Amino acid sequence: MNAVYLSDIPRAVTALAEWCACLVYVSGHTRRLHGPRLWGALGAGLAVQCLFLTLTDGLRLLFWLPCMAAAVGLMLGLISLCCDMSLASAVYCTVRAFVLAEFAASLEWQLYSYSVYALGWKGDTVRKGILFWVILAAVYAAVFGGMRWLESRRTDPRSGTAFRLRELTSPALIALACFFLSNLSFVYSNTPFTSSELTDIYNIRTLADLAGVAMLYAYHVQRCELYMHRELDAIQNILQSQYVQYRQSRDSIEAINHKYHDLKHQIAVLRAEPDAAKRSAYLDGMEEEIRDYEAQNKTGNSVLDTVLTGKSLYCARHGIELTCVADGGKLDFLDVMDICTIFGNILDNAIECELGIADKSRRLIHLTVYGKRGFLVIRCGNYCPQPPTFRDGLPVTTKGDAAYHGYGIKSVRHAAEKYGGAMTIRDQEQWFEIRLVIPLEKK
């Protein structure tokens, strides 16, 4: 049996495994390239990987590690070229892809070698060729297809790849430890952790690579869970913050209402006294302003009224024209905190965008709330001269650390999905619009 194992894994087999591993992670993340350009890049990546590993076959041990590092660099380049992700995220995916490729190639060649020996086909070239391709297709389909299925179970692809460079230490150490342990017997056979028996060497390599794949996946799952908990905490903080703002606005508006009520009585007293015509006209103007104030933002929902009044006063102070056509009665089935979250966040984002526009005459925000065919429809649009960048269907935050910001829009989506609804965002002809569609409760 040892004679079968005298040859190492063909370099083309390893190159194909590395390419397939890259394909697993390219297919699971937002891509930078699409259509023919994507497949062209993938095809070129496979050709370069096979050519490089084939040309560097048979080099002395001194050049082995640099060549392996260069092969990993080619994998990193392919993932970075095809996927729209940060460098740290691409390195993380490359680390996982490399260990997965090592395991797949080792398992395939070990099963093939064992099958050739067990069937006694060492001298039958045709049968060996057919058996090789059958085992290669079966193993690669199982390993890479299985990992793709496991990766697809993660609901948010960003959860495992929102990395900072300093957070790559753990996965990098896991990958390096597994790589050196799996290949140590090929270099030093007389150590407590290696063997001189070729069958044992192959077993060690396959099992060490399998352990690496398992540990990196466990690390990935744990990171996803931590990311989701952090995201939920951030959304909850936003919900609470919007509710606190609502309470503060409500208290302020109540105080203003009391003040205007007192002013009414003062005006009545002034009218009872003989006065000049100009003062009477002035008082008429004051009364009209009070009536205008009382009439605005009366949507039929007290929570929405409060949120809109607070935002309207802020917009008035900063030269932003906020218009609203809302049937607040359609919001009665929504929780108070969810109303605060939805309208507080979408209006805050729109206001933040408008504040960056120098020409105040172009600072426009329009909000509509209405029912249509059994659904509640909420639309908020604002003038946006600079189109935002989208990732995973959401606009990318312009704040410094994108991995730790951008939860406002997510909290709006979370609130809509809580009621079985959905959120869509579009940017067209310098007009940015968020639209929520939520099923109305049947009474």
# chains A, B, ... in the order shown; residues from 1 in each chain; ligands from 1
>>> select_by_dssp(residues="range 306-366 of chain A", states="strand (DSSP E or B)", output="list in words")
Glu321, Leu322, Thr323, Cys324, Val325, Ala326, Leu364, Ile365 and His366 of chain A
>>> write_last_selection(atoms="C-alpha atoms", output="compact mmCIF listing (two decimals), in the first residue's frame")
# COMPACT_ATOMS: atom_id res chain seq x y z
CA GLU A 321 -38.89 72.37 3.93
CA LEU A 322 -40.70 69.39 5.46
CA THR A 323 -44.10 68.54 3.99
CA CYS A 324 -46.35 65.78 5.23
CA VAL A 325 -49.56 64.13 4.06
CA ALA A 326 -50.37 61.46 6.61
CA LEU A 364 -36.73 69.22 0.65
CA ILE A 365 -38.30 66.34 2.60
CA HIS A 366 -41.71 64.84 1.85
>>> residues_around(residues="Tyr25 in chain A", least_positions_apart="2", cutoff="8 Å", atoms="only C-alpha atoms", output="PDB file with N, CA and C atoms, in the first residue's frame")
ATOM      1  N   ALA A  21     -12.610  26.650  -3.312  1.00  0.00           N
ATOM      2  CA  ALA A  21     -12.785  27.254  -1.990  1.00  0.00           C
ATOM      3  C   ALA A  21     -13.037  28.758  -2.112  1.00  0.00           C
ATOM      4  N   CYS A  22     -12.310  29.403  -3.016  1.00  0.00           N
ATOM      5  CA  CYS A  22     -12.564  30.835  -3.247  1.00  0.00           C
ATOM      6  C   CYS A  22     -13.982  31.051  -3.765  1.00  0.00           C
ATOM      7  N   LEU A  23     -14.444  30.144  -4.632  1.00  0.00           N
ATOM      8  CA  LEU A  23     -15.779  30.265  -5.207  1.00  0.00           C
ATOM      9  C   LEU A  23     -16.860  30.177  -4.124  1.00  0.00           C
ATOM     10  N   SER A  27     -19.339  33.397  -3.830  1.00  0.00           N
ATOM     11  CA  SER A  27     -20.772  33.232  -4.077  1.00  0.00           C
ATOM     12  C   SER A  27     -21.620  33.645  -2.887  1.00  0.00           C
ATOM     13  N   GLY A  28     -21.019  33.728  -1.697  1.00  0.00           N
ATOM     14  CA  GLY A  28     -21.791  34.033  -0.503  1.00  0.00           C
ATOM     15  C   GLY A  28     -21.732  35.479  -0.062  1.00  0.00           C
ATOM     16  N   HIS A  29     -21.066  36.342  -0.822  1.00  0.00           N
ATOM     17  CA  HIS A  29     -20.934  37.733  -0.403  1.00  0.00           C
ATOM     18  C   HIS A  29     -21.266  38.680  -1.556  1.00  0.00           C
ATOM     19  N   ILE A  79     -10.425  36.788  -4.462  1.00  0.00           N
ATOM     20  CA  ILE A  79     -11.563  37.140  -3.610  1.00  0.00           C
ATOM     21  C   ILE A  79     -11.735  38.651  -3.547  1.00  0.00           C
ATOM     22  N   CYS A  93     -11.731  35.646   4.748  1.00  0.00           N
ATOM     23  CA  CYS A  93     -12.297  34.649   3.835  1.00  0.00           C
ATOM     24  C   CYS A  93     -11.198  33.808   3.192  1.00  0.00           C
ATOM     25  N   ALA A  97     -10.772  29.838   3.295  1.00  0.00           N
ATOM     26  CA  ALA A  97     -10.758  29.143   2.012  1.00  0.00           C
ATOM     27  C   ALA A  97      -9.512  28.270   1.863  1.00  0.00           C
ATOM     28  N   ARG A 148     -20.719  25.567   1.474  1.00  0.00           N
ATOM     29  CA  ARG A 148     -21.574  26.644   0.952  1.00  0.00           C
ATOM     30  C   ARG A 148     -22.942  26.619   1.616  1.00  0.00           C
TER      31      ARG A 148
END
>>> closest_residue(among="A:Asp84, A:Val91, A:Glu18, A:Pro10", to="Asp57 in chain A", atoms="only C-alpha atoms")
A:Pro10
>>> closest_residue(among="A:Ala105, A:Met75, A:Val139, A:Leu334", to="Pro439 in chain A", atoms="only C-alpha atoms")
A:Leu334
>>> closest_residue(among="A:Thr306, A:Ser361, A:Asn301, A:Ser89", to="Leu168 in chain A", atoms="only C-alpha atoms")
A:Ser89
